[in-house]
$ cat query.cif   # mmCIF, N, CA and C atoms
data_start
#
loop_
_atom_site.label_atom_id
_atom_site.label_comp_id
_atom_site.auth_asym_id
_atom_site.auth_seq_id
_atom_site.Cartn_x
_atom_site.Cartn_y
_atom_site.Cartn_z
N MET B 1352 -1.63 -7.50 -52.67
CA MET B 1352 -2.38 -7.26 -51.46
C MET B 1352 -1.76 -6.06 -50.75
N SER B 1353 -2.56 -5.22 -50.23
CA SER B 1353 -2.04 -4.04 -49.55
C SER B 1353 -1.38 -4.43 -48.24
N ARG B 1354 -0.50 -3.55 -47.77
CA ARG B 1354 0.22 -3.80 -46.52
C ARG B 1354 -0.78 -3.94 -45.36
N PHE B 1355 -1.85 -3.15 -45.39
CA PHE B 1355 -2.87 -3.22 -44.34
C PHE B 1355 -3.51 -4.60 -44.30
N LEU B 1356 -3.93 -5.12 -45.46
CA LEU B 1356 -4.56 -6.43 -45.49
C LEU B 1356 -3.60 -7.53 -45.08
N LEU B 1357 -2.35 -7.40 -45.49
CA LEU B 1357 -1.35 -8.39 -45.11
C LEU B 1357 -1.18 -8.43 -43.60
N ASN B 1358 -1.20 -7.26 -42.96
CA ASN B 1358 -1.06 -7.19 -41.50
C ASN B 1358 -2.23 -7.85 -40.77
N LEU B 1359 -3.39 -7.91 -41.41
CA LEU B 1359 -4.53 -8.57 -40.79
C LEU B 1359 -4.29 -10.06 -40.59
N PHE B 1360 -3.44 -10.64 -41.41
CA PHE B 1360 -3.18 -12.07 -41.35
C PHE B 1360 -1.93 -12.42 -40.55
N MET B 1361 -1.31 -11.45 -39.95
CA MET B 1361 -0.10 -11.68 -39.17
C MET B 1361 -0.48 -12.21 -37.79
N GLU B 1362 0.31 -13.17 -37.32
CA GLU B 1362 0.07 -13.78 -36.02
C GLU B 1362 1.29 -13.58 -35.13
N ASP B 1363 1.06 -13.22 -33.88
CA ASP B 1363 2.13 -13.21 -32.89
C ASP B 1363 2.39 -14.65 -32.47
N PHE B 1364 3.57 -14.89 -31.93
CA PHE B 1364 3.83 -16.18 -31.32
C PHE B 1364 2.94 -16.30 -30.08
N THR B 1365 2.49 -17.51 -29.81
CA THR B 1365 1.72 -17.76 -28.59
C THR B 1365 2.69 -17.75 -27.40
N PRO B 1366 2.17 -17.59 -26.20
CA PRO B 1366 3.05 -17.66 -25.02
C PRO B 1366 3.84 -18.97 -24.95
N THR B 1367 3.23 -20.07 -25.35
CA THR B 1367 3.94 -21.36 -25.34
C THR B 1367 5.06 -21.37 -26.37
N GLN B 1368 4.79 -20.83 -27.56
CA GLN B 1368 5.83 -20.76 -28.59
C GLN B 1368 6.98 -19.87 -28.14
N ILE B 1369 6.66 -18.75 -27.52
CA ILE B 1369 7.71 -17.85 -27.01
C ILE B 1369 8.54 -18.57 -25.96
N LEU B 1370 7.88 -19.28 -25.05
CA LEU B 1370 8.59 -20.02 -24.02
C LEU B 1370 9.51 -21.06 -24.64
N ASP B 1371 9.00 -21.80 -25.61
CA ASP B 1371 9.81 -22.83 -26.27
C ASP B 1371 11.00 -22.23 -27.02
N ILE B 1372 10.77 -21.15 -27.74
CA ILE B 1372 11.85 -20.51 -28.50
C ILE B 1372 12.90 -19.94 -27.55
N THR B 1373 12.45 -19.27 -26.51
CA THR B 1373 13.42 -18.68 -25.57
C THR B 1373 14.19 -19.78 -24.83
N ARG B 1374 13.53 -20.85 -24.52
CA ARG B 1374 14.21 -22.00 -23.90
C ARG B 1374 15.27 -22.55 -24.86
N GLY B 1375 14.92 -22.61 -26.15
CA GLY B 1375 15.88 -23.07 -27.15
C GLY B 1375 17.09 -22.17 -27.24
N TYR B 1376 16.88 -20.85 -27.19
CA TYR B 1376 18.00 -19.91 -27.21
C TYR B 1376 18.89 -20.11 -25.99
N CYS B 1377 18.27 -20.29 -24.82
CA CYS B 1377 19.06 -20.48 -23.59
C CYS B 1377 19.82 -21.80 -23.64
N GLU B 1378 19.20 -22.85 -24.14
CA GLU B 1378 19.88 -24.14 -24.26
C GLU B 1378 21.04 -24.05 -25.26
N MET B 1379 20.84 -23.28 -26.32
CA MET B 1379 21.92 -23.09 -27.29
C MET B 1379 23.07 -22.33 -26.65
N ALA B 1380 22.77 -21.31 -25.86
CA ALA B 1380 23.82 -20.57 -25.15
C ALA B 1380 24.58 -21.52 -24.22
N ARG B 1381 23.86 -22.39 -23.54
CA ARG B 1381 24.50 -23.37 -22.66
C ARG B 1381 25.37 -24.33 -23.46
N ALA B 1382 24.88 -24.78 -24.60
CA ALA B 1382 25.66 -25.70 -25.44
C ALA B 1382 26.94 -25.04 -25.95
N LEU B 1383 26.85 -23.75 -26.28
CA LEU B 1383 28.05 -23.02 -26.70
C LEU B 1383 29.04 -22.91 -25.55
N ASN B 1384 28.53 -22.70 -24.35
CA ASN B 1384 29.40 -22.63 -23.17
C ASN B 1384 30.08 -23.97 -22.93
N GLU B 1385 29.32 -25.05 -23.04
CA GLU B 1385 29.90 -26.39 -22.86
C GLU B 1385 30.95 -26.68 -23.93
N TYR B 1386 30.67 -26.28 -25.15
CA TYR B 1386 31.65 -26.46 -26.22
C TYR B 1386 32.93 -25.69 -25.86
N GLN B 1387 32.76 -24.48 -25.40
CA GLN B 1387 33.89 -23.62 -25.03
C GLN B 1387 34.74 -24.28 -23.95
N VAL B 1388 34.09 -24.83 -22.96
CA VAL B 1388 34.81 -25.48 -21.85
C VAL B 1388 35.55 -26.72 -22.34
N HIS B 1389 34.89 -27.53 -23.15
CA HIS B 1389 35.52 -28.77 -23.61
C HIS B 1389 36.64 -28.55 -24.63
N HIS B 1390 36.62 -27.42 -25.30
CA HIS B 1390 37.63 -27.15 -26.34
C HIS B 1390 38.49 -25.94 -25.99
N TRP B 1391 38.57 -25.63 -24.72
CA TRP B 1391 39.25 -24.43 -24.24
C TRP B 1391 40.65 -24.27 -24.83
N LEU B 1392 41.43 -25.32 -24.79
CA LEU B 1392 42.83 -25.22 -25.23
C LEU B 1392 42.97 -25.07 -26.74
N GLU B 1393 41.96 -25.48 -27.49
CA GLU B 1393 42.00 -25.38 -28.95
C GLU B 1393 41.58 -24.01 -29.46
N LEU B 1394 40.92 -23.23 -28.62
CA LEU B 1394 40.34 -21.96 -29.04
C LEU B 1394 41.30 -20.80 -28.78
N SER B 1395 41.38 -19.92 -29.77
CA SER B 1395 42.18 -18.71 -29.59
C SER B 1395 41.42 -17.75 -28.67
N HIS B 1396 42.12 -16.73 -28.23
CA HIS B 1396 41.49 -15.71 -27.38
C HIS B 1396 40.30 -15.07 -28.10
N GLU B 1397 40.45 -14.78 -29.38
CA GLU B 1397 39.38 -14.17 -30.16
C GLU B 1397 38.18 -15.10 -30.28
N GLN B 1398 38.44 -16.39 -30.46
CA GLN B 1398 37.35 -17.35 -30.54
C GLN B 1398 36.61 -17.46 -29.21
N GLN B 1399 37.36 -17.38 -28.11
CA GLN B 1399 36.73 -17.38 -26.78
C GLN B 1399 35.79 -16.18 -26.66
N LEU B 1400 36.27 -15.02 -27.08
CA LEU B 1400 35.45 -13.81 -27.02
C LEU B 1400 34.22 -13.92 -27.91
N ASP B 1401 34.39 -14.50 -29.10
CA ASP B 1401 33.25 -14.69 -30.00
C ASP B 1401 32.19 -15.58 -29.36
N LEU B 1402 32.64 -16.69 -28.77
CA LEU B 1402 31.68 -17.59 -28.13
C LEU B 1402 30.95 -16.90 -26.98
N ASN B 1403 31.68 -16.10 -26.21
CA ASN B 1403 31.03 -15.34 -25.13
C ASN B 1403 29.98 -14.38 -25.70
N ALA B 1404 30.32 -13.72 -26.79
CA ALA B 1404 29.38 -12.78 -27.42
C ALA B 1404 28.15 -13.51 -27.94
N TYR B 1405 28.33 -14.68 -28.53
CA TYR B 1405 27.19 -15.46 -29.03
C TYR B 1405 26.26 -15.85 -27.89
N GLN B 1406 26.85 -16.31 -26.79
CA GLN B 1406 26.05 -16.70 -25.63
C GLN B 1406 25.25 -15.50 -25.10
N ASN B 1407 25.93 -14.37 -24.96
CA ASN B 1407 25.26 -13.15 -24.49
C ASN B 1407 24.12 -12.74 -25.41
N SER B 1408 24.38 -12.77 -26.70
CA SER B 1408 23.38 -12.35 -27.66
C SER B 1408 22.15 -13.26 -27.61
N LEU B 1409 22.35 -14.56 -27.52
CA LEU B 1409 21.21 -15.48 -27.45
C LEU B 1409 20.40 -15.24 -26.18
N LEU B 1410 21.08 -15.00 -25.08
CA LEU B 1410 20.37 -14.73 -23.82
C LEU B 1410 19.61 -13.41 -23.91
N ASN B 1411 20.21 -12.41 -24.57
CA ASN B 1411 19.52 -11.13 -24.75
C ASN B 1411 18.29 -11.28 -25.64
N ARG B 1412 18.40 -12.04 -26.74
CA ARG B 1412 17.24 -12.26 -27.61
C ARG B 1412 16.15 -13.00 -26.87
N SER B 1413 16.54 -13.93 -26.02
CA SER B 1413 15.57 -14.66 -25.21
C SER B 1413 14.82 -13.69 -24.29
N GLN B 1414 15.56 -12.84 -23.63
CA GLN B 1414 14.93 -11.87 -22.74
C GLN B 1414 14.02 -10.90 -23.51
N ASP B 1415 14.46 -10.48 -24.69
CA ASP B 1415 13.64 -9.58 -25.51
C ASP B 1415 12.28 -10.21 -25.84
N LEU B 1416 12.29 -11.50 -26.19
CA LEU B 1416 11.02 -12.17 -26.49
C LEU B 1416 10.17 -12.33 -25.23
N GLN B 1417 10.81 -12.69 -24.13
CA GLN B 1417 10.06 -12.91 -22.88
C GLN B 1417 9.43 -11.62 -22.36
N THR B 1418 10.13 -10.52 -22.51
CA THR B 1418 9.62 -9.24 -21.98
C THR B 1418 8.84 -8.46 -23.03
N HIS B 1419 8.66 -9.05 -24.19
CA HIS B 1419 7.89 -8.46 -25.29
C HIS B 1419 8.53 -7.19 -25.84
N VAL B 1420 9.84 -7.04 -25.64
CA VAL B 1420 10.55 -5.95 -26.30
C VAL B 1420 10.51 -6.20 -27.81
N ALA B 1421 10.66 -7.47 -28.18
CA ALA B 1421 10.52 -7.89 -29.58
C ALA B 1421 9.20 -8.64 -29.68
N ARG B 1422 8.37 -8.25 -30.64
CA ARG B 1422 7.08 -8.91 -30.84
C ARG B 1422 6.95 -9.32 -32.31
N PRO B 1423 7.69 -10.34 -32.69
CA PRO B 1423 7.62 -10.74 -34.10
C PRO B 1423 6.26 -11.34 -34.44
N ALA B 1424 5.80 -11.04 -35.64
CA ALA B 1424 4.54 -11.58 -36.14
C ALA B 1424 4.76 -12.11 -37.56
N PHE B 1425 4.12 -13.21 -37.85
CA PHE B 1425 4.28 -13.87 -39.15
C PHE B 1425 2.92 -14.30 -39.67
N THR B 1426 2.84 -14.55 -40.96
CA THR B 1426 1.58 -15.01 -41.52
C THR B 1426 1.32 -16.46 -41.13
N ASN B 1427 2.34 -17.22 -40.79
CA ASN B 1427 2.17 -18.60 -40.35
C ASN B 1427 3.09 -18.86 -39.17
N ALA B 1428 2.73 -18.31 -38.02
CA ALA B 1428 3.58 -18.35 -36.84
C ALA B 1428 3.86 -19.78 -36.37
N ILE B 1429 2.91 -20.68 -36.54
CA ILE B 1429 3.11 -22.06 -36.09
C ILE B 1429 4.26 -22.71 -36.84
N ASP B 1430 4.27 -22.58 -38.17
CA ASP B 1430 5.34 -23.17 -38.97
C ASP B 1430 6.69 -22.54 -38.67
N ILE B 1431 6.72 -21.23 -38.54
CA ILE B 1431 7.97 -20.52 -38.25
C ILE B 1431 8.51 -20.96 -36.90
N ALA B 1432 7.66 -21.01 -35.90
CA ALA B 1432 8.09 -21.43 -34.56
C ALA B 1432 8.66 -22.85 -34.59
N THR B 1433 7.99 -23.74 -35.30
CA THR B 1433 8.45 -25.12 -35.40
C THR B 1433 9.82 -25.19 -36.06
N GLN B 1434 10.00 -24.45 -37.14
CA GLN B 1434 11.29 -24.44 -37.84
C GLN B 1434 12.41 -23.89 -36.95
N ILE B 1435 12.12 -22.84 -36.20
CA ILE B 1435 13.10 -22.24 -35.29
C ILE B 1435 13.50 -23.24 -34.21
N LEU B 1436 12.50 -23.89 -33.63
CA LEU B 1436 12.77 -24.87 -32.57
C LEU B 1436 13.60 -26.04 -33.09
N GLU B 1437 13.25 -26.55 -34.25
CA GLU B 1437 14.00 -27.67 -34.82
C GLU B 1437 15.44 -27.26 -35.13
N ALA B 1438 15.61 -26.07 -35.67
CA ALA B 1438 16.96 -25.61 -36.03
C ALA B 1438 17.83 -25.38 -34.80
N THR B 1439 17.27 -24.75 -33.77
CA THR B 1439 18.09 -24.50 -32.57
C THR B 1439 18.41 -25.80 -31.85
N THR B 1440 17.48 -26.74 -31.85
CA THR B 1440 17.75 -28.05 -31.24
C THR B 1440 18.84 -28.78 -32.00
N GLU B 1441 18.75 -28.78 -33.32
CA GLU B 1441 19.76 -29.45 -34.14
C GLU B 1441 21.12 -28.77 -33.99
N ALA B 1442 21.14 -27.45 -33.96
CA ALA B 1442 22.40 -26.72 -33.77
C ALA B 1442 23.02 -27.07 -32.43
N GLN B 1443 22.19 -27.11 -31.41
CA GLN B 1443 22.67 -27.44 -30.07
C GLN B 1443 23.28 -28.83 -30.02
N THR B 1444 22.57 -29.81 -30.54
CA THR B 1444 23.09 -31.18 -30.49
C THR B 1444 24.30 -31.37 -31.40
N SER B 1445 24.37 -30.59 -32.47
CA SER B 1445 25.52 -30.72 -33.38
C SER B 1445 26.83 -30.33 -32.70
N LEU B 1446 26.75 -29.43 -31.72
CA LEU B 1446 27.97 -28.99 -31.04
C LEU B 1446 28.63 -30.12 -30.27
N THR B 1447 27.89 -31.15 -29.93
CA THR B 1447 28.49 -32.28 -29.21
C THR B 1447 29.34 -33.15 -30.12
N ARG B 1448 29.12 -33.06 -31.42
CA ARG B 1448 29.89 -33.90 -32.35
C ARG B 1448 30.83 -33.12 -33.26
N ILE B 1449 30.72 -31.80 -33.25
CA ILE B 1449 31.59 -30.98 -34.09
C ILE B 1449 32.95 -30.84 -33.40
N GLY B 1450 33.99 -31.25 -34.09
CA GLY B 1450 35.34 -31.12 -33.53
C GLY B 1450 36.06 -29.87 -33.99
N ASP B 1451 35.69 -29.36 -35.14
CA ASP B 1451 36.35 -28.20 -35.72
C ASP B 1451 35.80 -26.91 -35.11
N PRO B 1452 36.63 -26.17 -34.37
CA PRO B 1452 36.15 -24.94 -33.74
C PRO B 1452 35.59 -23.92 -34.73
N VAL B 1453 36.11 -23.87 -35.93
CA VAL B 1453 35.61 -22.90 -36.91
C VAL B 1453 34.16 -23.22 -37.28
N ILE B 1454 33.86 -24.48 -37.46
CA ILE B 1454 32.49 -24.87 -37.78
C ILE B 1454 31.58 -24.58 -36.58
N ALA B 1455 32.06 -24.90 -35.39
CA ALA B 1455 31.26 -24.64 -34.18
C ALA B 1455 30.98 -23.14 -34.04
N LEU B 1456 31.99 -22.32 -34.29
CA LEU B 1456 31.79 -20.87 -34.21
C LEU B 1456 30.77 -20.41 -35.25
N ASN B 1457 30.83 -20.99 -36.43
CA ASN B 1457 29.85 -20.63 -37.47
C ASN B 1457 28.44 -21.04 -37.07
N VAL B 1458 28.30 -22.21 -36.46
CA VAL B 1458 26.98 -22.63 -35.97
C VAL B 1458 26.47 -21.62 -34.95
N GLY B 1459 27.34 -21.19 -34.05
CA GLY B 1459 26.95 -20.19 -33.06
C GLY B 1459 26.56 -18.87 -33.71
N ALA B 1460 27.36 -18.42 -34.65
CA ALA B 1460 27.10 -17.14 -35.30
C ALA B 1460 25.79 -17.17 -36.09
N ILE B 1461 25.53 -18.24 -36.77
CA ILE B 1461 24.31 -18.32 -37.57
C ILE B 1461 23.08 -18.46 -36.67
N THR B 1462 23.24 -19.13 -35.54
CA THR B 1462 22.13 -19.22 -34.59
C THR B 1462 21.81 -17.83 -34.03
N VAL B 1463 22.84 -17.05 -33.76
CA VAL B 1463 22.63 -15.67 -33.30
C VAL B 1463 21.94 -14.86 -34.39
N ALA B 1464 22.36 -15.03 -35.63
CA ALA B 1464 21.72 -14.33 -36.74
C ALA B 1464 20.25 -14.73 -36.85
N LEU B 1465 19.98 -16.02 -36.70
CA LEU B 1465 18.60 -16.50 -36.73
C LEU B 1465 17.77 -15.81 -35.65
N ALA B 1466 18.30 -15.74 -34.44
CA ALA B 1466 17.59 -15.10 -33.34
C ALA B 1466 17.33 -13.61 -33.64
N ALA B 1467 18.30 -12.96 -34.24
CA ALA B 1467 18.13 -11.54 -34.60
C ALA B 1467 17.06 -11.38 -35.68
N TYR B 1468 17.06 -12.26 -36.67
CA TYR B 1468 16.04 -12.19 -37.71
C TYR B 1468 14.65 -12.48 -37.15
N VAL B 1469 14.57 -13.40 -36.20
CA VAL B 1469 13.28 -13.69 -35.56
C VAL B 1469 12.78 -12.44 -34.84
N ALA B 1470 13.65 -11.79 -34.08
CA ALA B 1470 13.25 -10.60 -33.33
C ALA B 1470 12.72 -9.50 -34.25
N ARG B 1471 13.25 -9.44 -35.47
CA ARG B 1471 12.82 -8.42 -36.43
C ARG B 1471 11.72 -8.92 -37.36
N ALA B 1472 11.31 -10.17 -37.17
CA ALA B 1472 10.31 -10.80 -38.05
C ALA B 1472 10.73 -10.72 -39.51
N ASN B 1473 12.02 -10.94 -39.76
CA ASN B 1473 12.59 -10.90 -41.11
C ASN B 1473 12.55 -12.31 -41.69
N LEU B 1474 11.48 -12.62 -42.40
CA LEU B 1474 11.28 -13.97 -42.90
C LEU B 1474 12.38 -14.41 -43.87
N ARG B 1475 12.80 -13.53 -44.75
CA ARG B 1475 13.86 -13.89 -45.70
C ARG B 1475 15.16 -14.21 -44.95
N GLY B 1476 15.50 -13.42 -43.95
CA GLY B 1476 16.69 -13.68 -43.14
C GLY B 1476 16.57 -14.99 -42.38
N ILE B 1477 15.39 -15.26 -41.84
CA ILE B 1477 15.16 -16.51 -41.11
C ILE B 1477 15.38 -17.69 -42.04
N GLN B 1478 14.80 -17.63 -43.23
CA GLN B 1478 14.95 -18.74 -44.18
C GLN B 1478 16.40 -18.96 -44.58
N THR B 1479 17.13 -17.86 -44.78
CA THR B 1479 18.55 -17.98 -45.12
C THR B 1479 19.33 -18.61 -43.98
N ALA B 1480 19.10 -18.14 -42.76
CA ALA B 1480 19.81 -18.68 -41.60
C ALA B 1480 19.46 -20.16 -41.40
N LEU B 1481 18.22 -20.52 -41.61
CA LEU B 1481 17.83 -21.93 -41.47
C LEU B 1481 18.56 -22.82 -42.48
N ARG B 1482 18.66 -22.35 -43.72
CA ARG B 1482 19.38 -23.13 -44.74
C ARG B 1482 20.85 -23.26 -44.38
N GLU B 1483 21.46 -22.15 -43.95
CA GLU B 1483 22.88 -22.18 -43.61
C GLU B 1483 23.15 -23.07 -42.40
N LEU B 1484 22.28 -23.01 -41.41
CA LEU B 1484 22.44 -23.88 -40.25
C LEU B 1484 22.31 -25.35 -40.66
N GLU B 1485 21.34 -25.64 -41.49
CA GLU B 1485 21.14 -27.02 -41.95
C GLU B 1485 22.39 -27.53 -42.65
N ASP B 1486 22.99 -26.71 -43.49
CA ASP B 1486 24.21 -27.12 -44.18
C ASP B 1486 25.36 -27.35 -43.22
N LEU B 1487 25.50 -26.49 -42.22
CA LEU B 1487 26.60 -26.60 -41.27
C LEU B 1487 26.47 -27.82 -40.36
N VAL B 1488 25.29 -28.09 -39.87
CA VAL B 1488 25.15 -29.18 -38.91
C VAL B 1488 25.24 -30.55 -39.59
N LYS B 1489 25.12 -30.58 -40.90
CA LYS B 1489 25.30 -31.82 -41.65
C LYS B 1489 26.78 -32.17 -41.79
N ALA B 1490 27.65 -31.16 -41.64
CA ALA B 1490 29.09 -31.38 -41.85
C ALA B 1490 29.69 -32.32 -40.85
#

$ encode --input "query.cif" --output "structure tokens"
Amino acid sequence: MSRFLLNLFMEDFTPTQILDITRGYCEMARALNEYQVHHWLELSHEQQLDLNAYQNSLLNRSQDLQTHVARPAFTNAIDIATQILEATTEAQTSLTRIGDPVIALNVGAITVALAAYVARANLRGIQTALRELEDLVKA
């Protein structure tokens, strides 16, 4: 199929999907902050900085979607939005039970990667990040 025809079938996220996804990013940033506070003494200075960067990045991706700086489109936006919401919710709740800071940092990093792939509408990257997040939150 030509690139032109493929673009005809691309769908933007609906305003409700954007709101839900951006809310998920903000909640994940909050969960990372709460993790940081509860595990403050266990975290190195570099890990503290990493967590701050993850929080900032998620908030920036949220703002990009809300202000339409990023306008990702997919052939099946409903399914993609649902997968993103489920993954960010699971990542967020997993931080309450993860005791190992390295695993928590990886959950944060992969969530940030997921948000970046969403902003670029990189389906392969999204699928990879979703698989990696699923593996991590099961630990």

$ closest_residue --input "query.cif" --among "B:Arg1448, B:His1396, B:Arg1381, B:Arg1471" --to "Ala1421 of chain B" --atoms "only N, CA and C atoms"
B:Arg1471

$ closest_residue --input "query.cif" --among "B:Thr1433, B:Asn1384, B:Asn1411, B:Asn1403" --to "Gln1368 of chain B" --atoms "only C-alpha atoms"
B:Thr1433

$ resolve_selection --input "query.cif" --expression "the PyMOL selection byres (((chain B and resi 1405 and name CA) around 9) and name CA)" --output "list in words"
Ala1380, Leu1383, Leu1400, Asp1401, Leu1402, Asn1403, Ala1404, Gln1406, Asn1407, Ser1408, Leu1409, Leu1410, Leu1456, Gly1459, Ala1460, Thr1462 and Val1463 of chain B

$ write_last_selection --input "query.cif" --atoms "N, CA and C atoms" --output "PDB file, in the coordinates of the input"
ATOM      1  N   ALA B1380      22.770 -21.310 -25.860  1.00  0.00           N
ATOM      2  CA  ALA B1380      23.820 -20.570 -25.150  1.00  0.00           C
ATOM      3  C   ALA B1380      24.580 -21.520 -24.220  1.00  0.00           C
ATOM      4  N   LEU B1383      26.850 -23.750 -26.280  1.00  0.00           N
ATOM      5  CA  LEU B1383      28.050 -23.020 -26.700  1.00  0.00           C
ATOM      6  C   LEU B1383      29.040 -22.910 -25.550  1.00  0.00           C
ATOM      7  N   LEU B1400      36.270 -15.020 -27.080  1.00  0.00           N
ATOM      8  CA  LEU B1400      35.450 -13.810 -27.020  1.00  0.00           C
ATOM      9  C   LEU B1400      34.220 -13.920 -27.910  1.00  0.00           C
ATOM     10  N   ASP B1401      34.390 -14.500 -29.100  1.00  0.00           N
ATOM     11  CA  ASP B1401      33.250 -14.690 -30.000  1.00  0.00           C
ATOM     12  C   ASP B1401      32.190 -15.580 -29.360  1.00  0.00           C
ATOM     13  N   LEU B1402      32.640 -16.690 -28.770  1.00  0.00           N
ATOM     14  CA  LEU B1402      31.680 -17.590 -28.130  1.00  0.00           C
ATOM     15  C   LEU B1402      30.950 -16.900 -26.980  1.00  0.00           C
ATOM     16  N   ASN B1403      31.680 -16.100 -26.210  1.00  0.00           N
ATOM     17  CA  ASN B1403      31.030 -15.340 -25.130  1.00  0.00           C
ATOM     18  C   ASN B1403      29.980 -14.380 -25.700  1.00  0.00           C
ATOM     19  N   ALA B1404      30.320 -13.720 -26.790  1.00  0.00           N
ATOM     20  CA  ALA B1404      29.380 -12.780 -27.420  1.00  0.00           C
ATOM     21  C   ALA B1404      28.150 -13.510 -27.940  1.00  0.00           C
ATOM     22  N   GLN B1406      26.850 -16.310 -26.790  1.00  0.00           N
ATOM     23  CA  GLN B1406      26.050 -16.700 -25.630  1.00  0.00           C
ATOM     24  C   GLN B1406      25.250 -15.500 -25.100  1.00  0.00           C
ATOM     25  N   ASN B1407      25.930 -14.370 -24.960  1.00  0.00           N
ATOM     26  CA  ASN B1407      25.260 -13.150 -24.490  1.00  0.00           C
ATOM     27  C   ASN B1407      24.120 -12.740 -25.410  1.00  0.00           C
ATOM     28  N   SER B1408      24.380 -12.770 -26.700  1.00  0.00           N
ATOM     29  CA  SER B1408      23.380 -12.350 -27.660  1.00  0.00           C
ATOM     30  C   SER B1408      22.150 -13.260 -27.610  1.00  0.00           C
ATOM     31  N   LEU B1409      22.350 -14.560 -27.520  1.00  0.00           N
ATOM     32  CA  LEU B1409      21.210 -15.480 -27.450  1.00  0.00           C
ATOM     33  C   LEU B1409      20.400 -15.240 -26.180  1.00  0.00           C
ATOM     34  N   LEU B1410      21.080 -15.000 -25.080  1.00  0.00           N
ATOM     35  CA  LEU B1410      20.370 -14.730 -23.820  1.00  0.00           C
ATOM     36  C   LEU B1410      19.610 -13.410 -23.910  1.00  0.00           C
ATOM     37  N   LEU B1456      31.990 -22.320 -34.290  1.00  0.00           N
ATOM     38  CA  LEU B1456      31.790 -20.870 -34.210  1.00  0.00           C
ATOM     39  C   LEU B1456      30.770 -20.410 -35.250  1.00  0.00           C
ATOM     40  N   GLY B1459      27.340 -21.190 -34.050  1.00  0.00           N
ATOM     41  CA  GLY B1459      26.950 -20.190 -33.060  1.00  0.00           C
ATOM     42  C   GLY B1459      26.560 -18.870 -33.710  1.00  0.00           C
ATOM     43  N   ALA B1460      27.360 -18.420 -34.650  1.00  0.00           N
ATOM     44  CA  ALA B1460      27.100 -17.140 -35.300  1.00  0.00           C
ATOM     45  C   ALA B1460      25.790 -17.170 -36.090  1.00  0.00           C
ATOM     46  N   THR B1462      23.240 -19.130 -35.540  1.00  0.00           N
ATOM     47  CA  THR B1462      22.130 -19.220 -34.590  1.00  0.00           C
ATOM     48  C   THR B1462      21.810 -17.830 -34.030  1.00  0.00           C
ATOM     49  N   VAL B1463      22.840 -17.050 -33.760  1.00  0.00           N
ATOM     50  CA  VAL B1463      22.630 -15.670 -33.300  1.00  0.00           C
ATOM     51  C   VAL B1463      21.940 -14.860 -34.390  1.00  0.00           C
TER      52      VAL B1463
END

$ closest_residue --input "query.cif" --among "B:Thr1373, B:Asn1427, B:Gln1417, B:Ser1445" --to "Met1361 of chain B" --atoms "only C-alpha atoms"
B:Asn1427

$ atom_distance --input "query.cif" --atom1 "atom CA of Met1379 of chain B" --atom2 "atom CA of Leu1474 of chain B"
21.0 Å

$ closest_residue --input "query.cif" --among "B:Pro1423, B:Pro1452, B:Gly1476, B:Pro1366" --to "Tyr1386 of chain B" --atoms "only C-alpha atoms"
B:Pro1452

$ resolve_selection --input "query.cif" --expression "the PyMOL selection byres ((chain B and resi 1442) around 8)" --output "PyMOL selection string"
chain B and resi 1379+1382-1383+1436-1441+1443-1447+1458-1459+1462+1484-1485+1487-1488

$ closest_residue --input "query.cif" --among "B:Ile1449, B:Phe1364, B:Ile1429, B:Ala1424" --to "Ala1472 of chain B" --atoms "all atoms listed in the file"
B:Ala1424

$ select_by_dssp --input "query.cif" --residues "chain B" --states "strand (DSSP E)" --output "ChimeraX atom specification"
/B:1362-1363,1424-1425

$ write_last_selection --input "query.cif" --atoms "N, CA and C atoms" --output "PDB file, in the coordinates of the input"
ATOM      1  N   GLU B1362       0.310 -13.170 -37.320  1.00  0.00           N
ATOM      2  CA  GLU B1362       0.070 -13.780 -36.020  1.00  0.00           C
ATOM      3  C   GLU B1362       1.290 -13.580 -35.130  1.00  0.00           C
ATOM      4  N   ASP B1363       1.060 -13.220 -33.880  1.00  0.00           N
ATOM      5  CA  ASP B1363       2.130 -13.210 -32.890  1.00  0.00           C
ATOM      6  C   ASP B1363       2.390 -14.650 -32.470  1.00  0.00           C
ATOM      7  N   ALA B1424       5.800 -11.040 -35.640  1.00  0.00           N
ATOM      8  CA  ALA B1424       4.540 -11.580 -36.140  1.00  0.00           C
ATOM      9  C   ALA B1424       4.760 -12.110 -37.560  1.00  0.00           C
ATOM     10  N   PHE B1425       4.120 -13.210 -37.850  1.00  0.00           N
ATOM     11  CA  PHE B1425       4.280 -13.870 -39.150  1.00  0.00           C
ATOM     12  C   PHE B1425       2.920 -14.300 -39.670  1.00  0.00           C
TER      13      PHE B1425
END

$ atom_distance --input "query.cif" --atom1 "atom C of Arg1475 of chain B" --atom2 "atom CA of Gln1398 of chain B"
26.6 Å

$ atom_distance --input "query.cif" --atom1 "atom CA of Asp1430 of chain B" --atom2 "atom CA of Arg1374 of chain B"
17.5 Å

$ select_by_dssp --input "query.cif" --residues "segment 1368-1462 of chain B" --states "helix (DSSP H, G or I)" --output "JSON, numbers by chain"
{"B": [1368, 1369, 1370, 1371, 1372, 1373, 1374, 1375, 1376, 1377, 1378, 1379, 1380, 1381, 1382, 1383, 1384, 1385, 1386, 1387, 1388, 1389, 1391, 1392, 1393, 1396, 1397, 1398, 1399, 1400, 1401, 1402, 1403, 1404, 1405, 1406, 1407, 1408, 1409, 1410, 1411, 1412, 1413, 1414, 1415, 1416, 1417, 1428, 1429, 1430, 1431, 1432, 1433, 1434, 1435, 1436, 1437, 1438, 1439, 1440, 1441, 1442, 1443, 1444, 1445, 1452, 1453, 1454, 1455, 1456, 1457, 1458, 1459, 1460, 1461, 1462]}

$ axis_aligned_box --input "query.cif" --around "segment 1362-1367 of chain B" --padding-each-side "5 Å" --output "AutoDock Vina command-line options"
--center_x 2.6 --center_y -17.3 --center_z -31.1 --size_x 15.0 --size_y 18.2 --size_z 22.4

$ closest_residue --input "query.cif" --among "B:Leu1481, B:Ile1461, B:Ala1470, B:Ala1428" --to "Glu1362 of chain B" --atoms "all atoms listed in the file"
B:Ala1428

$ resolve_selection --input "query.cif" --expression "the PyMOL selection byres (((chain B and resi 1477 and name CA) around 9) and name CA)" --output "PyMOL selection string"
chain B and resi 1431+1435+1464-1469+1472-1476+1478-1482
